[in-house]
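*Asks:* Here you go, this is run.txt (compact mmCIF, C-alpha atoms (C1' of nucleotides)).
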```txt
# COMPACT_ATOMS: atom_id res chain seq x y z
CA MET O 15 3.05 16.83 -30.47
CA GLU O 16 6.59 15.63 -30.91
CA ILE O 17 7.13 11.96 -30.24
CA ASN O 18 10.08 10.73 -28.28
CA LYS O 19 12.07 7.90 -29.84
CA ILE O 20 12.55 5.98 -26.64
CA ASP O 21 9.15 6.41 -25.11
CA ASP O 22 6.89 5.97 -28.06
CA SER O 23 7.29 2.22 -27.79
CA PRO O 24 4.85 -0.68 -27.58
CA GLY O 25 5.93 -1.14 -23.97
CA TYR O 26 4.87 2.34 -22.96
CA LEU O 27 1.70 1.97 -24.98
CA ILE O 28 0.61 -1.17 -23.16
CA GLU O 29 1.70 0.17 -19.80
CA SER O 30 -0.21 3.38 -20.19
CA LEU O 31 -3.32 1.62 -21.48
CA SER O 32 -3.16 -0.66 -18.48
CA ARG O 33 -2.86 2.29 -16.12
CA ASN O 34 -5.72 4.17 -17.73
CA MET O 35 -8.02 1.18 -17.44
CA ARG O 36 -7.00 0.65 -13.82
CA ARG O 37 -7.67 4.25 -12.94
CA PHE O 38 -11.10 4.18 -14.55
CA SER O 39 -12.01 0.88 -12.90
CA ALA O 40 -10.90 2.04 -9.48
CA GLN O 41 -12.93 5.23 -9.87
CA GLN O 42 -16.01 3.25 -10.82
CA LEU O 43 -15.65 0.95 -7.81
CA ARG O 44 -15.27 3.95 -5.56
CA GLU O 45 -18.25 5.78 -7.04
CA HIS O 46 -20.38 2.72 -6.41
CA GLU O 47 -19.10 2.57 -2.84
CA ILE O 48 -17.36 -0.76 -3.30
CA ASP O 49 -14.55 -0.69 -0.78
CA LEU O 50 -12.27 -3.01 -2.72
CA THR O 51 -9.28 -2.57 -4.99
CA LEU O 52 -9.13 -4.34 -8.33
CA GLU O 53 -6.78 -6.93 -6.92
CA GLN O 54 -9.06 -7.55 -3.97
CA VAL O 55 -11.98 -8.04 -6.34
CA GLY O 56 -9.81 -10.48 -8.26
CA VAL O 57 -9.08 -12.57 -5.20
CA LEU O 58 -12.69 -12.62 -4.03
CA SER O 59 -14.02 -13.52 -7.45
CA ILE O 60 -11.61 -16.40 -7.85
CA LEU O 61 -12.54 -17.65 -4.41
CA GLY O 62 -16.18 -17.14 -5.34
CA GLU O 63 -15.85 -19.78 -8.04
CA LYS O 64 -14.48 -22.46 -5.75
CA GLY O 65 -15.17 -21.30 -2.21
CA SER O 66 -11.62 -21.98 -1.11
CA MET O 67 -8.17 -22.42 -2.55
CA PHE O 68 -4.58 -22.86 -1.42
CA GLN O 69 -2.60 -19.65 -1.25
CA ASN O 70 0.02 -20.90 -3.68
CA GLU O 71 -2.64 -21.85 -6.23
CA LEU O 72 -4.09 -18.37 -5.90
CA ALA O 73 -0.67 -16.80 -6.48
CA ASP O 74 -0.30 -18.92 -9.59
CA ILE O 75 -3.66 -18.08 -11.10
CA MET O 76 -3.28 -14.36 -10.44
CA SER O 77 0.44 -14.40 -11.29
CA LYS O 78 1.23 -12.47 -8.15
CA ASP O 79 4.44 -13.03 -6.25
CA ASN O 80 4.20 -14.25 -2.68
CA PRO O 81 4.84 -10.98 -0.85
CA THR O 82 2.27 -9.15 -2.94
CA LEU O 83 -0.39 -11.78 -2.40
CA THR O 84 0.42 -12.01 1.29
CA ARG O 85 -0.36 -8.33 1.71
CA ILE O 86 -3.52 -8.41 -0.38
CA LEU O 87 -4.76 -11.33 1.72
CA ASP O 88 -3.80 -9.50 4.93
CA LEU O 89 -6.12 -6.65 4.00
CA LEU O 90 -8.97 -8.93 2.98
CA GLU O 91 -8.59 -10.95 6.16
CA LYS O 92 -8.67 -7.79 8.24
CA LYS O 93 -11.93 -6.86 6.51
CA LEU O 94 -13.18 -10.36 7.45
CA TYR O 95 -13.84 -11.25 3.81
CA LEU O 96 -11.68 -14.36 4.01
CA LYS O 97 -9.88 -16.64 6.47
CA ARG O 98 -6.54 -18.40 6.34
CA GLU O 99 -6.81 -21.99 7.52
CA LEU O 100 -3.79 -24.18 8.11
CA SER O 101 -3.68 -27.13 5.77
CA PRO O 102 -3.54 -30.33 7.85
CA GLY O 103 -1.73 -32.26 5.10
CA ASP O 104 1.07 -29.73 4.62
CA ARG O 105 1.61 -27.28 7.41
CA ARG O 106 3.48 -24.82 5.20
CA LYS O 107 0.34 -24.12 3.23
CA PHE O 108 -2.72 -22.03 3.92
CA LEU O 109 -6.18 -22.74 2.66
CA ILE O 110 -7.85 -19.45 1.82
CA VAL O 111 -11.55 -19.55 2.57
CA LEU O 112 -14.16 -17.01 1.48
CA THR O 113 -16.40 -15.94 4.36
CA LYS O 114 -20.09 -15.11 4.24
CA GLU O 115 -19.18 -11.41 4.46
CA GLY O 116 -16.76 -11.82 1.58
CA GLU O 117 -19.44 -13.51 -0.49
CA GLU O 118 -21.82 -10.64 0.14
CA GLU O 119 -19.24 -8.00 -0.75
CA LEU O 120 -18.39 -9.93 -3.90
CA ALA O 121 -22.06 -10.07 -4.86
CA GLN O 122 -22.18 -6.28 -4.67
CA ALA O 123 -19.01 -5.87 -6.71
CA VAL O 124 -19.81 -8.28 -9.55
CA PRO O 125 -22.39 -6.13 -11.39
CA ILE O 126 -20.09 -3.12 -11.16
CA ILE O 127 -17.21 -5.11 -12.57
CA GLN O 128 -19.41 -6.36 -15.39
CA GLN O 129 -20.51 -2.81 -16.13
CA ILE O 130 -16.89 -1.66 -16.21
CA ARG O 131 -16.02 -4.43 -18.60
CA ARG O 132 -18.93 -3.60 -20.90
CA THR O 133 -17.88 0.03 -20.94
CA LEU O 134 -14.25 -0.71 -21.72
CA PHE O 135 -14.63 -3.61 -24.13
CA GLY O 136 -18.25 -3.59 -25.28
CA ASN O 137 -17.38 -2.44 -28.78
CA ILE O 138 -14.27 -4.58 -29.15
CA SER O 139 -14.89 -7.67 -31.25
CA SER O 140 -13.95 -11.11 -30.05
CA ASN O 141 -11.72 -11.34 -33.09
CA GLU O 142 -9.76 -8.34 -31.88
CA LEU O 143 -9.55 -9.78 -28.38
CA ASN O 144 -8.18 -12.99 -29.84
CA GLN O 145 -5.56 -11.02 -31.70
CA LEU O 146 -4.66 -9.29 -28.47
CA LEU O 147 -4.35 -12.62 -26.70
CA ASN O 148 -2.17 -13.88 -29.52
CA LEU O 149 0.04 -10.79 -29.26
CA LYS O 150 0.41 -11.30 -25.52
CA GLU O 151 1.39 -14.92 -25.96
CA ARG O 152 3.99 -14.09 -28.57
CA ILE O 153 5.56 -11.35 -26.50
CA GLU O 154 5.64 -13.61 -23.47
CA SER O 155 7.22 -16.41 -25.45
CA ASN O 156 9.80 -13.91 -26.70
CA ILE O 157 10.63 -13.37 -23.04
CA SER O 158 10.86 -17.02 -22.12
CA ASN O 159 12.78 -17.96 -25.26
CA TYR O 160 15.30 -15.23 -24.57
CA SER O 161 15.78 -16.42 -21.02
CA LYS O 162 16.27 -19.97 -22.29
CA ASP O 163 18.79 -18.90 -24.95
CA VAL O 164 21.11 -17.20 -22.50
CA ASP O 165 20.86 -20.24 -20.19
CA ASN O 166 19.30 -18.34 -17.38
CA MET C 28 -6.43 -25.08 -16.41
CA GLU C 29 -9.85 -23.83 -15.47
CA ILE C 30 -10.58 -20.25 -16.37
CA ASN C 31 -12.30 -17.89 -14.02
CA LYS C 32 -15.18 -15.87 -15.43
CA ILE C 33 -14.24 -12.62 -13.76
CA ASP C 34 -10.52 -12.74 -14.14
CA ASP C 35 -10.15 -14.04 -17.64
CA SER C 36 -10.88 -10.58 -18.98
CA PRO C 37 -9.10 -8.28 -21.40
CA GLY C 38 -8.23 -6.04 -18.47
CA TYR C 39 -6.34 -8.76 -16.65
CA LEU C 40 -4.76 -9.82 -19.90
CA ILE C 41 -3.33 -6.38 -20.59
CA GLU C 42 -2.34 -5.84 -17.00
CA SER C 43 -0.48 -9.11 -16.74
CA LEU C 44 1.25 -8.58 -20.09
CA SER C 45 2.33 -5.17 -18.90
CA ARG C 46 3.70 -6.61 -15.67
CA ASN C 47 5.56 -9.40 -17.41
CA MET C 48 7.25 -6.95 -19.76
CA ARG C 49 8.17 -4.67 -16.86
CA ARG C 50 9.67 -7.52 -14.89
CA PHE C 51 11.75 -8.67 -17.84
CA SER C 52 12.92 -5.14 -18.65
CA ALA C 53 13.87 -4.41 -15.05
CA GLN C 54 15.83 -7.67 -14.90
CA GLN C 55 17.70 -6.80 -18.09
CA LEU C 56 18.61 -3.35 -16.77
CA ARG C 57 19.86 -4.88 -13.55
CA GLU C 58 21.87 -7.58 -15.30
CA HIS C 59 23.59 -4.90 -17.35
CA GLU C 60 24.31 -2.92 -14.18
CA ILE C 61 22.13 0.01 -15.17
CA ASP C 62 21.04 1.49 -11.87
CA LEU C 63 17.80 2.96 -13.19
CA THR C 64 14.16 1.94 -13.11
CA LEU C 65 12.10 1.95 -16.28
CA GLU C 66 10.45 5.21 -15.26
CA GLN C 67 13.81 6.81 -14.58
CA VAL C 68 15.02 5.73 -18.01
CA GLY C 69 11.88 7.27 -19.44
CA VAL C 70 12.53 10.62 -17.79
CA LEU C 71 16.18 10.71 -18.81
CA SER C 72 15.46 9.74 -22.39
CA ILE C 73 12.81 12.40 -22.80
CA LEU C 74 15.18 14.96 -21.35
CA GLY C 75 17.87 13.59 -23.64
CA GLU C 76 15.86 14.69 -26.66
CA LYS C 77 15.51 18.28 -25.55
CA GLY C 78 18.05 18.81 -22.79
CA SER C 79 15.49 20.39 -20.50
CA MET C 80 11.77 20.60 -20.00
CA PHE C 81 9.23 22.00 -17.55
CA GLN C 82 8.05 19.56 -14.95
CA ASN C 83 4.41 19.88 -15.96
CA GLU C 84 5.27 19.14 -19.60
CA LEU C 85 7.15 16.06 -18.46
CA ALA C 86 4.16 14.91 -16.42
CA ASP C 87 1.97 15.36 -19.49
CA ILE C 88 4.18 13.44 -21.88
CA MET C 89 4.69 10.57 -19.48
CA SER C 90 1.10 10.71 -18.24
CA LYS C 91 2.28 10.60 -14.65
CA ASP C 92 0.44 12.43 -11.90
CA ASN C 93 2.28 15.11 -9.97
CA PRO C 94 3.11 13.18 -6.81
CA THR C 95 4.48 10.24 -8.78
CA LEU C 96 6.65 12.43 -10.97
CA THR C 97 7.82 14.44 -7.98
CA ARG C 98 9.21 11.31 -6.39
CA ILE C 99 10.81 9.99 -9.55
CA LEU C 100 12.54 13.34 -10.00
CA ASP C 101 13.61 13.35 -6.34
CA LEU C 102 15.49 10.11 -6.88
CA LEU C 103 17.10 11.24 -10.13
CA GLU C 104 18.11 14.52 -8.56
CA LYS C 105 19.67 12.70 -5.62
CA LYS C 106 21.69 10.64 -8.12
CA LEU C 107 22.75 13.97 -9.69
CA TYR C 108 21.33 12.98 -13.08
CA LEU C 109 19.18 16.10 -13.28
CA LYS C 110 18.59 19.47 -11.64
CA ARG C 111 15.45 21.41 -10.85
CA GLU C 112 15.78 25.08 -11.79
CA LEU C 113 13.22 27.69 -10.85
CA SER C 114 11.53 29.19 -13.87
CA PRO C 115 12.01 32.96 -13.79
CA GLY C 116 8.82 33.62 -15.78
CA ASP C 117 6.51 31.57 -13.55
CA ARG C 118 7.76 30.80 -10.09
CA ARG C 119 5.38 27.89 -9.65
CA LYS C 120 7.20 25.93 -12.32
CA PHE C 121 10.45 24.01 -12.36
CA LEU C 122 12.66 23.57 -15.36
CA ILE C 123 14.12 20.06 -15.26
CA VAL C 124 17.63 19.99 -16.66
CA LEU C 125 19.64 16.90 -17.61
CA THR C 126 23.16 16.98 -16.16
CA LYS C 127 26.34 15.68 -17.72
CA GLU C 128 26.19 12.69 -15.40
CA GLY C 129 22.61 12.06 -16.45
CA GLU C 130 23.60 12.19 -20.08
CA GLU C 131 26.34 9.64 -19.51
CA GLU C 132 24.04 7.28 -17.62
CA LEU C 133 21.45 7.62 -20.38
CA ALA C 134 24.06 6.78 -23.01
CA GLN C 135 24.78 3.55 -21.17
CA ALA C 136 21.11 2.69 -20.85
CA VAL C 137 20.02 3.35 -24.43
CA PRO C 138 21.56 0.27 -26.08
CA ILE C 139 20.13 -1.95 -23.34
CA ILE C 140 16.69 -0.46 -23.84
CA GLN C 141 16.94 -0.97 -27.57
CA GLN C 142 17.98 -4.58 -27.03
CA ILE C 143 15.03 -5.13 -24.71
CA ARG C 144 12.69 -3.69 -27.31
CA ARG C 145 14.09 -5.88 -30.05
CA THR C 146 13.69 -8.95 -27.86
CA LEU C 147 10.11 -8.16 -26.91
CA PHE C 148 8.79 -6.79 -30.21
CA GLY C 149 11.28 -7.83 -32.88
CA ASN C 150 8.91 -10.34 -34.44
CA ILE C 151 5.78 -8.21 -34.10
CA SER C 152 4.81 -6.57 -37.37
CA SER C 153 4.16 -2.88 -37.62
CA ASN C 154 0.68 -3.75 -38.77
CA GLU C 155 0.05 -5.56 -35.51
CA LEU C 156 1.45 -2.67 -33.56
CA ASN C 157 -0.89 -0.33 -35.39
CA GLN C 158 -3.81 -2.55 -34.50
CA LEU C 159 -2.69 -2.45 -30.89
CA LEU C 160 -2.50 1.32 -31.00
CA ASN C 161 -5.96 1.42 -32.51
CA LEU C 162 -7.29 -0.85 -29.77
CA LYS C 163 -5.74 1.37 -27.11
CA GLU C 164 -7.30 4.47 -28.60
CA ARG C 165 -10.72 2.90 -28.79
CA ILE C 166 -10.63 1.67 -25.21
CA GLU C 167 -9.47 5.06 -24.03
CA SER C 168 -12.19 6.81 -25.95
CA ASN C 169 -14.68 4.39 -24.39
CA ILE C 170 -13.45 5.73 -21.06
CA SER C 171 -13.68 9.39 -21.96
CA ASN C 172 -17.05 9.00 -23.70
CA TYR C 173 -18.45 7.27 -20.64
CA SER C 174 -17.22 10.03 -18.38
CA LYS C 175 -18.79 12.60 -20.69
CA ASP C 176 -22.11 10.78 -20.82
CA VAL C 177 -22.58 10.76 -17.07
CA ASP C 178 -21.65 14.44 -16.95
CA ASN C 179 -18.62 13.91 -14.82
C1' DA V 4 -7.47 46.71 -6.08
C1' DA V 5 -9.30 42.89 -3.70
C1' DT V 6 -11.28 38.51 -3.82
C1' DT V 7 -11.76 34.28 -5.96
C1' DA V 8 -10.14 30.58 -9.43
C1' DA V 9 -6.93 27.85 -11.25
C1' DT V 10 -2.27 26.05 -11.68
C1' DT V 11 2.12 23.92 -10.01
C1' DG V 12 4.28 21.28 -7.04
C1' DT V 13 4.95 18.98 -2.47
C1' DT V 14 3.78 16.04 1.55
C1' DA V 15 1.35 12.29 3.77
C1' DG V 16 -0.94 8.04 3.60
C1' DT V 17 -2.26 3.61 1.39
C1' DA V 18 -1.92 -0.30 -2.08
C1' DT V 19 0.63 -2.97 -5.33
C1' DA V 20 5.10 -5.05 -7.24
C1' DC V 21 9.40 -6.33 -6.78
C1' DT V 22 14.06 -8.08 -4.38
C1' DA V 23 16.40 -10.13 -0.65
C1' DA V 24 16.52 -12.37 3.57
C1' DT V 25 14.25 -15.30 6.88
C1' DT V 26 11.40 -19.02 9.11
C1' DA V 27 9.13 -23.28 9.06
C1' DA V 28 8.03 -27.46 7.07
C1' DT V 29 8.63 -31.06 3.73
C1' DA V 30 11.26 -33.81 0.24
C1' DG V 31 15.28 -35.93 -1.39
C1' DT V 32 19.66 -38.07 -0.75
C1' DA V 33 24.10 -39.79 1.05
C1' DT Y 10 19.37 -41.25 10.19
C1' DA Y 11 21.38 -37.02 9.13
C1' DC Y 12 22.33 -33.57 5.74
C1' DT Y 13 20.87 -30.91 2.01
C1' DA Y 14 17.62 -28.93 -0.99
C1' DT Y 15 13.15 -27.31 -2.01
C1' DT Y 16 8.77 -25.23 -1.03
C1' DA Y 17 5.37 -21.94 1.30
C1' DA Y 18 4.78 -17.97 3.38
C1' DT Y 19 6.26 -13.83 5.84
C1' DT Y 20 8.95 -9.59 6.81
C1' DA Y 21 11.63 -5.61 5.49
C1' DG Y 22 12.94 -2.29 2.25
C1' DT Y 23 12.32 0.40 -2.07
C1' DA Y 24 9.74 2.30 -6.20
C1' DT Y 25 5.54 3.47 -8.50
C1' DA Y 26 0.49 5.05 -8.58
C1' DC Y 27 -3.10 6.94 -6.63
C1' DT Y 28 -6.07 10.20 -3.29
C1' DA Y 29 -6.41 14.02 -0.37
C1' DA Y 30 -4.81 17.98 1.72
C1' DC Y 31 -1.84 21.76 1.43
C1' DA Y 32 1.29 25.92 0.08
C1' DA Y 33 2.68 29.11 -3.18
C1' DT Y 34 2.04 31.56 -7.25
C1' DT Y 35 -0.53 33.27 -11.05
C1' DA Y 36 -4.92 34.32 -13.57
C1' DA Y 37 -9.55 35.87 -13.70
C1' DT Y 38 -13.40 38.41 -12.00
C1' DT Y 39 -15.94 41.68 -9.62
```
Would you write the structure of this file as structure tokens?

*Replies:*
Amino acid sequence: MEINKIDDSPGYLIESLSRNMRRFSAQQLREHEIDLTLEQVGVLSILGEKGSMFQNELADIMSKDNPTLTRILDLLEKKLYLKRELSPGDRRKFLIVLTKEGEEELAQAVPIIQQIRRTLFGNISSNELNQLLNLKERIESNISNYSKDVDN
Amino acid sequence: MEINKIDDSPGYLIESLSRNMRRFSAQQLREHEIDLTLEQVGVLSILGEKGSMFQNELADIMSKDNPTLTRILDLLEKKLYLKRELSPGDRRKFLIVLTKEGEEELAQAVPIIQQIRRTLFGNISSNELNQLLNLKERIESNISNYSKDVDN
DNA sequence: AATTAATTGTTAGTATACTAATTAATAGTA
DNA sequence: TACTATTAATTAGTATACTAACAATTAATT
């Protein structure tokens, strides 16, 4: 197959890997009747560690922008898996609280997520994963250095 | 910063790297007044190599599903950067043809794309990129082997 | 030849990701 | 205090990615 000069780039490679993993993971969740998207699992599992968290902290940890997180939380709140509680100290903020129902749904999702991860990465060595992490950090510092250099 | 067990995974790592690169690339295109998304650049540049191509071939090369590609092509056709022509041999198919305007827009985008790629990957060795490609192929074969094993 | 399969592409609906604009509340400053 | 700036979150609008359902055409089978 002929390779295109523009599109055979590391960017497309990473993007398409990311999409393929997403598609597989979403299929697995669906086949196991977990009615959650990957992002929703992400939110619930982070909440599962701490029980509750401010919305802006959540956005930080997941590196989601505010509108995106707002909508993910809307859906999870509608499913009754979490509640937004006004923070008394700062009334701009919301405390996001995992409900009992959310905890139960999370408990069902966790083994599926672990199975997905074993399938995808079970034969990838921790050395390789460290190299991947290193690559990510270098690319991301290329981005931030560039932005600094042009005084943006 | 505390690390969450579920979300500090290779999947999230790759996904967030992919998103960060996308965001940077989209910003660069915008700052250089290129009125194209990354996907639109991808379509135009593939067409630029060959001049025209069947829609299903395009979907294959870009690994986009049909609805997604349909909508990307809709937008590019509305901008007059390409045309859909009925294939006389098989009337289910469309031949996607780059227009003169599309060629001109592509010519403006190419140097920006090359600059973006240099910024992101200029200091990444080809050895590292090969390792990344290898990692991608192994993860993707983990996916297809799994699907085979469960007779899906 | 007639029926069934598969292929190609579209439409509709939902979720995520982003920008831009807005609201509300808090912080900082003249 | 009053004015300005910043922060937190939402809303609106657009693009991509996916599923499901569909229409049209072609291929395969009986």

*Asks:* Please compute the C1' of DT23 (chain Y)-CA of Glu104 (chain C) distance, one decimal, in Å.

*Replies:*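 Rounded to one decimal, the two atoms are 16.6 Å apart.
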
*Asks:* When you look at DT20 (chain Y) with a cut-off of 9 Å (counting all atoms listed in the file), what residues show up, excluding the ones that are within fewer than 6 positions of it in the same chain? I need them as a list in words.

*Replies:* Pro81 of chain O; DA24 and DT25 of chain V

*Asks:* Using 6 Å as the limit and counting all atoms listed in the file, can you tabulate each residue of chain O that touches chain C, with its shortest atom-to-atom distance in Å and the two atoms involved, as CSV?

*Replies:*
```
residue,atom,partner,partner_atom,distance
O:Glu29,CA,C:Ser45,CA,5.5
O:Ser32,CA,C:Glu42,CA,5.4
O:Leu134,CA,C:Ile166,CA,5.6
O:Ile153,CA,C:Leu147,CA,5.6
O:Asn156,CA,C:Leu147,CA,5.8
```

*Asks:* Residues of chain Y near chain O: apply a cut-off of 8 Å, count only C-alpha atoms (C1' of nucleotides), and supply the list as a ChimeraX atom specification.

*Replies:* /Y:17-19

*Asks:* Would you mind exporting the chosen residues as a CSV table (one decimal), in the coordinates of the input, restricted to C-alpha atoms (C1' of nucleotides)?

*Replies:*
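The resulting selection-v8.csv:
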```csv
chain,number,residue,atom,x,y,z
Y,17,DA,C1',5.4,-21.9,1.3
Y,18,DA,C1',4.8,-18.0,3.4
Y,19,DT,C1',6.3,-13.8,5.8
```

*Asks:* What separation in Å, quoted to one decimal, exists between CA of Thr113 (chain O) and CA of Leu43 (chain O)?

*Replies:*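 Answer for the CA of Thr113 (chain O) to CA of Leu43 (chain O) separation: 20.8 Å.
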
*Asks:* Report, in Å to a single decimal, how far apart CA of Lys162 (chain O) and CA of Ala73 (chain O) are.

*Replies:*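 Calculated distance between CA of Ala73 (chain O) and CA of Lys162 (chain O) is 23.4 Å.
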
*Asks:* Between O:Ser101, O:Gln122, O:Asn141, O:Gln42, which one has atoms that come closest to chain V, using only C-alpha atoms (C1' of nucleotides)?

*Replies:* O:Ser101

*Asks:* Please identify every residue of chain V that has at least one atom no farther than 10 Å from an atom of chain O, counting only C-alpha atoms (C1' of nucleotides), and for each give the shortest atom pair and the distance in Å to one decimal, arranged by chain then increasing number, as CSV.

*Replies:*
```
residue,atom,partner,partner_atom,distance
V:DA18,C1',O:Thr51,CA,8.2
V:DT19,C1',O:Thr82,CA,6.8
V:DA20,C1',O:Thr82,CA,6.6
V:DC21,C1',O:Asp79,CA,8.4
V:DA27,C1',O:Arg106,CA,7.0
V:DA28,C1',O:Arg106,CA,5.6
V:DT29,C1',O:Asp104,CA,7.7
```

*Asks:* Extract, using all atoms listed in the file, all DNA, RNA and protein residues at most 8 Å from region 45-49 of chain O, discarding same-chain residues fewer than 4 positions from it, and format them as number ranges by chain.

*Replies:* O: 41, 119, 122-123, 126

*Asks:* Take the residues from that selection and put them in a file with C-alpha atoms, as a compact mmCIF listing (two decimals), in the frame of the given file.

*Replies:*
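Result file is again.txt:
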```txt
# COMPACT_ATOMS: atom_id res chain seq x y z
CA GLN O 41 -12.93 5.23 -9.87
CA GLU O 119 -19.24 -8.00 -0.75
CA GLN O 122 -22.18 -6.28 -4.67
CA ALA O 123 -19.01 -5.87 -6.71
CA ILE O 126 -20.09 -3.12 -11.16
```

*Asks:* Please list as a list in words every residue within 12 Å of Leu107 (chain C), counting all atoms listed in the file and excluding residues in the same chain fewer than 4 positions away.

*Replies:*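 Listing them by chain and then by number gives Leu71, Leu100, Asp101, Leu102, Leu103, Arg111, Ile123, Val124, Leu125, Thr126, Lys127, Glu128, Gly129, Glu130, Glu131 and Glu132 of chain C.
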
*Asks:* Of the candidates V:DA9, V:DA15, V:DA23, V:DA33, which shows the shortest atom-to-atom distance to DA30 (chain Y), using only C-alpha atoms (C1' of nucleotides)?

*Replies:*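 Among the listed residues, V:DA15 lies closest to DA30 (chain Y).
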